[in-house]
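Working notes for the structure below.
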Amino acid sequence: MKSLRRLNSARHEVEVHEFGRGEPLLFLHGAGGLLGVESFLEQLGREFKVVAPHLPGYGESTGGELIEDVFDAVLFYHELMDELGIPAAHVVGHSMGGMLAAELAAFDIHRVKRLVLVSPAGFWLDRHPIPDFFAADFKELPALLFHDPGSAVAKLLMMTPDDPQALTTMYVERAKRLAMATKLLWPIPERGLKKRAYRIAAPTLLLWGESDRLIPKAYAGEFQRHIRDCRYEAIEGAAHMVMYEKPEEFCRRVLAFLKQ
């Protein structure tokens with residue numbers, strides 16, 4: 001179910017997608033936003049009340065001009081949880097959303113019950129530089145994001161419409177989303193998480209696609225060094241878009257962790 005929620009501060013109207021019922025699970029999307037084909041959220045919704053908001057600057061969420069840095073984004077998620085009456089939740093974050101999920105857990109250790117970071121951004125290793133996602137040509141992205149750039153799921157997610165108006169709309173939306181993501185990730189995603197990650201008290205699962213070429217699995221060790229209760233798992237046959245490439249395996253791993 002999709003809805004628009006106006007926050008009490010009146011600073012944002014938020015596009016929220018909800019699935020299922022039960023204990024709350026907050027999903028924080030990556031730089032590409034929600035793509036409208038998130039079967040994995042529906043699967044997680046069989047066990048939890050899944051809440052997946054679009055960050056301001058994405059979709060129909062407004063007030064993107066008020067989000068200038070990581071701190072603004074984290075405060076936005078706190079305010080949204082207050083609005084939705086969620087004092088604490090399991091939190092799953094992908095890529096940019098993984099960085100923000102980690103920051104959310106570090107800012108308030110009581111807000112996050114269990115934390116799943118899926119190929120998260122947030123650190124920088126000179127020996128394993130992250131490719132410049134923002135400078136990449138659209139045709140280069142499948143090789144960065146997918147285990148098999150020629151797979152059906154890669155073609156579906158990277159498909160460009162034939163209709164000129166729809167194509168224009170797609171490029172405008174993509175430009176809007178990337179403009180927000182640059183505030184949080186460009187030129188590198190190192191925004192001080194390394195100084196705050198020690199505060200994360202939630203049991204944490206790091207989940208990576210084995211062949212991730214955007215944020216290499218070498219970064220898992222960096223997260224494990226800074227988060228005290230943190231374990232790592234990899235999914236074969238998947239890359240950065242692991243939850244789209246292997247939704248059943250992804251959900252199996254996440255549910256097994258959250259139910260412990």
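Every chain in the structure tokens takes a letter, A first, then B, and so on in the order presented; its residues are numbered from 1, and the ligands are numbered from 1 following the presented order.
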**Message:** Can you tell me which residues surround A:Pro87 at a distance of at most 10 Å, considering only C-alpha atoms, apart from same-chain residues fewer than 6 positions away, and format the answer as an NGL selection string?
**Reply:** :A and (24 or 78 or 81 or 110-112)
So that I have them on file, write out the residues from the current selection with C-alpha atoms, as an mmCIF file, in the first residue's frame.
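Resulting contents of again.cif:
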data_model
loop_
_atom_site.group_PDB
_atom_site.id
_atom_site.type_symbol
_atom_site.label_atom_id
_atom_site.label_comp_id
_atom_site.auth_asym_id
_atom_site.auth_seq_id
_atom_site.Cartn_x
_atom_site.Cartn_y
_atom_site.Cartn_z
ATOM 1 C CA PRO A 24 7.797 -3.039 12.351
ATOM 2 C CA HIS A 78 13.568 9.744 13.275
ATOM 3 C CA MET A 81 9.194 6.973 12.858
ATOM 4 C CA HIS A 110 17.325 2.448 21.459
ATOM 5 C CA ARG A 111 15.686 3.056 18.077
ATOM 6 C CA VAL A 112 17.006 0.013 16.190
#
For stretch 12-131 of chain A versus stretch 230-248 of chain A, which residues have an atom no more than 10 Å away, and what is each residue's nearest atom pair and distance in Å rounded to one decimal, using only C-alpha atoms, chain-then-number order, as a Markdown table?
| residue | atom | partner | partner_atom | distance |
| --- | --- | --- | --- | --- |
| A:Gly30 | CA | A:Met241 | CA | 9.7 |
| A:Val37 | CA | A:Tyr244 | CA | 8.3 |
| A:Glu38 | CA | A:Tyr244 | CA | 7.2 |
| A:Ser39 | CA | A:Pro247 | CA | 7.1 |
| A:Phe40 | CA | A:Pro247 | CA | 5.3 |
| A:Leu41 | CA | A:Pro247 | CA | 9.0 |
| A:Gln43 | CA | A:Glu248 | CA | 8.1 |
| A:Leu44 | CA | A:Glu248 | CA | 9.8 |
| A:His94 | CA | A:Met241 | CA | 8.7 |
| A:Ser95 | CA | A:His240 | CA | 8.1 |
| A:Leu115 | CA | A:Cys230 | CA | 9.2 |
| A:Val116 | CA | A:Cys230 | CA | 9.6 |
| A:Leu117 | CA | A:Tyr232 | CA | 9.6 |
| A:Val118 | CA | A:Val242 | CA | 8.2 |
| A:Ser119 | CA | A:His240 | CA | 6.5 |
| A:Pro120 | CA | A:His240 | CA | 9.5 |
Selection to disk with N, CA and C atoms, as a PDB file, in the first residue's frame:
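Written output follows (result.pdb):
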ATOM      1  N   GLY A  30      18.504   2.500  -1.437  1.00  0.00           N
ATOM      2  CA  GLY A  30      19.789   3.006  -1.886  1.00  0.00           C
ATOM      3  C   GLY A  30      19.644   4.230  -2.772  1.00  0.00           C
ATOM      4  N   VAL A  37       9.378  -2.638  -8.121  1.00  0.00           N
ATOM      5  CA  VAL A  37       9.355  -4.095  -8.354  1.00  0.00           C
ATOM      6  C   VAL A  37      10.019  -4.799  -7.170  1.00  0.00           C
ATOM      7  N   GLU A  38       9.700  -4.344  -5.964  1.00  0.00           N
ATOM      8  CA  GLU A  38      10.355  -4.861  -4.759  1.00  0.00           C
ATOM      9  C   GLU A  38       9.606  -6.078  -4.213  1.00  0.00           C
ATOM     10  N   SER A  39       9.713  -7.208  -4.900  1.00  0.00           N
ATOM     11  CA  SER A  39       9.054  -8.425  -4.423  1.00  0.00           C
ATOM     12  C   SER A  39       9.597  -8.846  -3.070  1.00  0.00           C
ATOM     13  N   PHE A  40      10.858  -8.506  -2.794  1.00  0.00           N
ATOM     14  CA  PHE A  40      11.450  -8.895  -1.515  1.00  0.00           C
ATOM     15  C   PHE A  40      10.764  -8.191  -0.346  1.00  0.00           C
ATOM     16  N   LEU A  41      10.248  -6.986  -0.557  1.00  0.00           N
ATOM     17  CA  LEU A  41       9.524  -6.299   0.508  1.00  0.00           C
ATOM     18  C   LEU A  41       8.184  -6.985   0.771  1.00  0.00           C
ATOM     19  N   GLN A  43       7.681 -10.163   0.350  1.00  0.00           N
ATOM     20  CA  GLN A  43       8.014 -11.399   1.060  1.00  0.00           C
ATOM     21  C   GLN A  43       8.309 -11.131   2.532  1.00  0.00           C
ATOM     22  N   LEU A  44       9.057 -10.086   2.833  1.00  0.00           N
ATOM     23  CA  LEU A  44       9.333  -9.734   4.222  1.00  0.00           C
ATOM     24  C   LEU A  44       8.047  -9.338   4.943  1.00  0.00           C
ATOM     25  N   HIS A  94      19.992  -0.598   2.313  1.00  0.00           N
ATOM     26  CA  HIS A  94      20.787  -1.029   1.160  1.00  0.00           C
ATOM     27  C   HIS A  94      21.655   0.104   0.645  1.00  0.00           C
ATOM     28  N   SER A  95      22.951  -0.137   0.502  1.00  0.00           N
ATOM     29  CA  SER A  95      23.872   0.799  -0.123  1.00  0.00           C
ATOM     30  C   SER A  95      23.856   2.138   0.617  1.00  0.00           C
ATOM     31  N   LEU A 115      19.741  -4.842  13.031  1.00  0.00           N
ATOM     32  CA  LEU A 115      20.183  -4.021  11.904  1.00  0.00           C
ATOM     33  C   LEU A 115      20.737  -4.917  10.803  1.00  0.00           C
ATOM     34  N   VAL A 116      20.233  -4.726   9.587  1.00  0.00           N
ATOM     35  CA  VAL A 116      20.754  -5.452   8.424  1.00  0.00           C
ATOM     36  C   VAL A 116      21.303  -4.424   7.439  1.00  0.00           C
ATOM     37  N   LEU A 117      22.594  -4.511   7.164  1.00  0.00           N
ATOM     38  CA  LEU A 117      23.253  -3.595   6.235  1.00  0.00           C
ATOM     39  C   LEU A 117      23.592  -4.379   4.975  1.00  0.00           C
ATOM     40  N   VAL A 118      22.985  -3.984   3.861  1.00  0.00           N
ATOM     41  CA  VAL A 118      23.131  -4.705   2.601  1.00  0.00           C
ATOM     42  C   VAL A 118      24.066  -3.913   1.690  1.00  0.00           C
ATOM     43  N   SER A 119      25.269  -4.440   1.461  1.00  0.00           N
ATOM     44  CA  SER A 119      26.277  -3.732   0.655  1.00  0.00           C
ATOM     45  C   SER A 119      26.310  -2.249   1.023  1.00  0.00           C
ATOM     46  N   PRO A 120      26.518  -1.939   2.299  1.00  0.00           N
ATOM     47  CA  PRO A 120      26.379  -0.545   2.728  1.00  0.00           C
ATOM     48  C   PRO A 120      27.521   0.354   2.277  1.00  0.00           C
TER      49      PRO A 120
END
Give one line per residue of stretch 157-192 of chain A that approaches stretch 198-220 of chain A to at most 12 Å, naming the two atoms of the closest pair and their distance in Å to one decimal, counting only C-alpha atoms; sort by chain then ascending residue number and deliver it as a Markdown table.
| residue | atom | partner | partner_atom | distance |
| --- | --- | --- | --- | --- |
| A:Ile188 | CA | A:Ile215 | CA | 11.7 |
| A:Pro189 | CA | A:Ile215 | CA | 10.7 |
| A:Gly192 | CA | A:Tyr198 | CA | 11.6 |
Dump of C-alpha atoms for the selected residues, as an mmCIF file, in the first residue's frame:
data_model
loop_
_atom_site.group_PDB
_atom_site.id
_atom_site.type_symbol
_atom_site.label_atom_id
_atom_site.label_comp_id
_atom_site.auth_asym_id
_atom_site.auth_seq_id
_atom_site.Cartn_x
_atom_site.Cartn_y
_atom_site.Cartn_z
ATOM 1 C CA ILE A 188 33.293 9.707 -1.427
ATOM 2 C CA PRO A 189 30.816 8.225 1.081
ATOM 3 C CA GLY A 192 32.180 10.312 9.741
#
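Counting only C-alpha atoms and comparing A:Lys2, A:Lys176, A:Arg191, A:Arg46, the residue that lies closest to A:Val70 is A:Arg191.
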**Message:** Run DSSP on the backbone and tell me which residues of stretch 79-157 of chain A come out as helix (DSSP H, G or I); list them as number ranges by chain.
**Reply:** A: 79-83, 96-107, 138-145, 152-157
**Message:** Quick one: residues within 12 Å of A:Lys195, only C-alpha atoms, excluding same-chain residues fewer than 5 positions away - as number ranges by chain?
**Reply:** A: 102-103, 106-107, 122-123, 190, 200, 223, 225-227
I'd like the contact shell of stretch 6-8 of chain A - 9 Å cut-off, only C-alpha atoms, skipping same-chain residues fewer than 4 positions apart - returned as a PDB file with N, CA and C atoms, in the first residue's frame.
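Contents of selection32.pdb, freshly written:
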ATOM      1  N   HIS A  12       8.086  18.043   5.441  1.00  0.00           N
ATOM      2  CA  HIS A  12       8.113  17.011   4.419  1.00  0.00           C
ATOM      3  C   HIS A  12       6.752  16.344   4.270  1.00  0.00           C
ATOM      4  N   GLU A  13       6.436  15.993   3.036  1.00  0.00           N
ATOM      5  CA  GLU A  13       5.379  15.034   2.762  1.00  0.00           C
ATOM      6  C   GLU A  13       6.095  13.803   2.206  1.00  0.00           C
ATOM      7  N   VAL A  14       5.772  12.642   2.738  1.00  0.00           N
ATOM      8  CA  VAL A  14       6.599  11.465   2.486  1.00  0.00           C
ATOM      9  C   VAL A  14       5.798  10.375   1.781  1.00  0.00           C
ATOM     10  N   GLU A  79      12.025  11.503  12.636  1.00  0.00           N
ATOM     11  CA  GLU A  79      10.737  12.198  12.641  1.00  0.00           C
ATOM     12  C   GLU A  79       9.651  11.339  11.999  1.00  0.00           C
ATOM     13  N   LEU A  80      10.004  10.631  10.922  1.00  0.00           N
ATOM     14  CA  LEU A  80       9.031   9.765  10.270  1.00  0.00           C
ATOM     15  C   LEU A  80       8.602   8.635  11.206  1.00  0.00           C
ATOM     16  N   ASP A  82       8.539   8.720  14.421  1.00  0.00           N
ATOM     17  CA  ASP A  82       7.647   9.339  15.412  1.00  0.00           C
ATOM     18  C   ASP A  82       6.246   9.502  14.842  1.00  0.00           C
ATOM     19  N   GLU A  83       6.172  10.000  13.611  1.00  0.00           N
ATOM     20  CA  GLU A  83       4.878  10.227  12.954  1.00  0.00           C
ATOM     21  C   GLU A  83       4.102   8.922  12.808  1.00  0.00           C
TER      22      GLU A  83
END
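Nearest to A:Leu25 of all the residues A:Glu68, A:His90, A:Leu55, A:Arg196 is A:His90, counting only C-alpha atoms.
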Selection: 12 Å around A:Leu178, only C-alpha atoms, excl. self and same-chain fewer than 6 positions, as a PDB file with C-alpha atoms, in the first residue's frame:
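File selection-v4.pdb, as written:
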ATOM      1  CA  GLY A  30      19.789   3.006  -1.886  1.00  0.00           C
ATOM      2  CA  ALA A  31      20.762   5.812  -4.262  1.00  0.00           C
ATOM      3  CA  GLY A  32      18.452   4.478  -6.964  1.00  0.00           C
ATOM      4  CA  GLY A  33      15.374   4.697  -4.751  1.00  0.00           C
ATOM      5  CA  LEU A  55      13.816   9.810   1.106  1.00  0.00           C
ATOM      6  CA  PRO A  56      12.930  13.456   0.271  1.00  0.00           C
ATOM      7  CA  GLY A  57      14.072  14.127  -3.264  1.00  0.00           C
ATOM      8  CA  TYR A  58      12.852  10.698  -4.350  1.00  0.00           C
ATOM      9  CA  GLY A  59       9.466   9.797  -5.790  1.00  0.00           C
ATOM     10  CA  GLY A  64      14.605  17.456  -0.550  1.00  0.00           C
ATOM     11  CA  MET A  96      23.292   4.502   0.680  1.00  0.00           C
ATOM     12  CA  PHE A 133      28.602   5.900  -9.721  1.00  0.00           C
ATOM     13  CA  PHE A 134      27.617   9.471 -10.575  1.00  0.00           C
ATOM     14  CA  ALA A 135      29.983   9.786 -13.545  1.00  0.00           C
ATOM     15  CA  ALA A 136      29.079   6.399 -15.034  1.00  0.00           C
ATOM     16  CA  TYR A 171      15.688  10.943 -16.878  1.00  0.00           C
ATOM     17  CA  VAL A 172      14.219  13.828 -14.867  1.00  0.00           C
ATOM     18  CA  LEU A 184      25.352  12.095   0.966  1.00  0.00           C
ATOM     19  CA  LEU A 185      27.849  10.131  -1.124  1.00  0.00           C
ATOM     20  CA  TRP A 186      29.898  12.385  -3.428  1.00  0.00           C
TER      21      TRP A 186
END
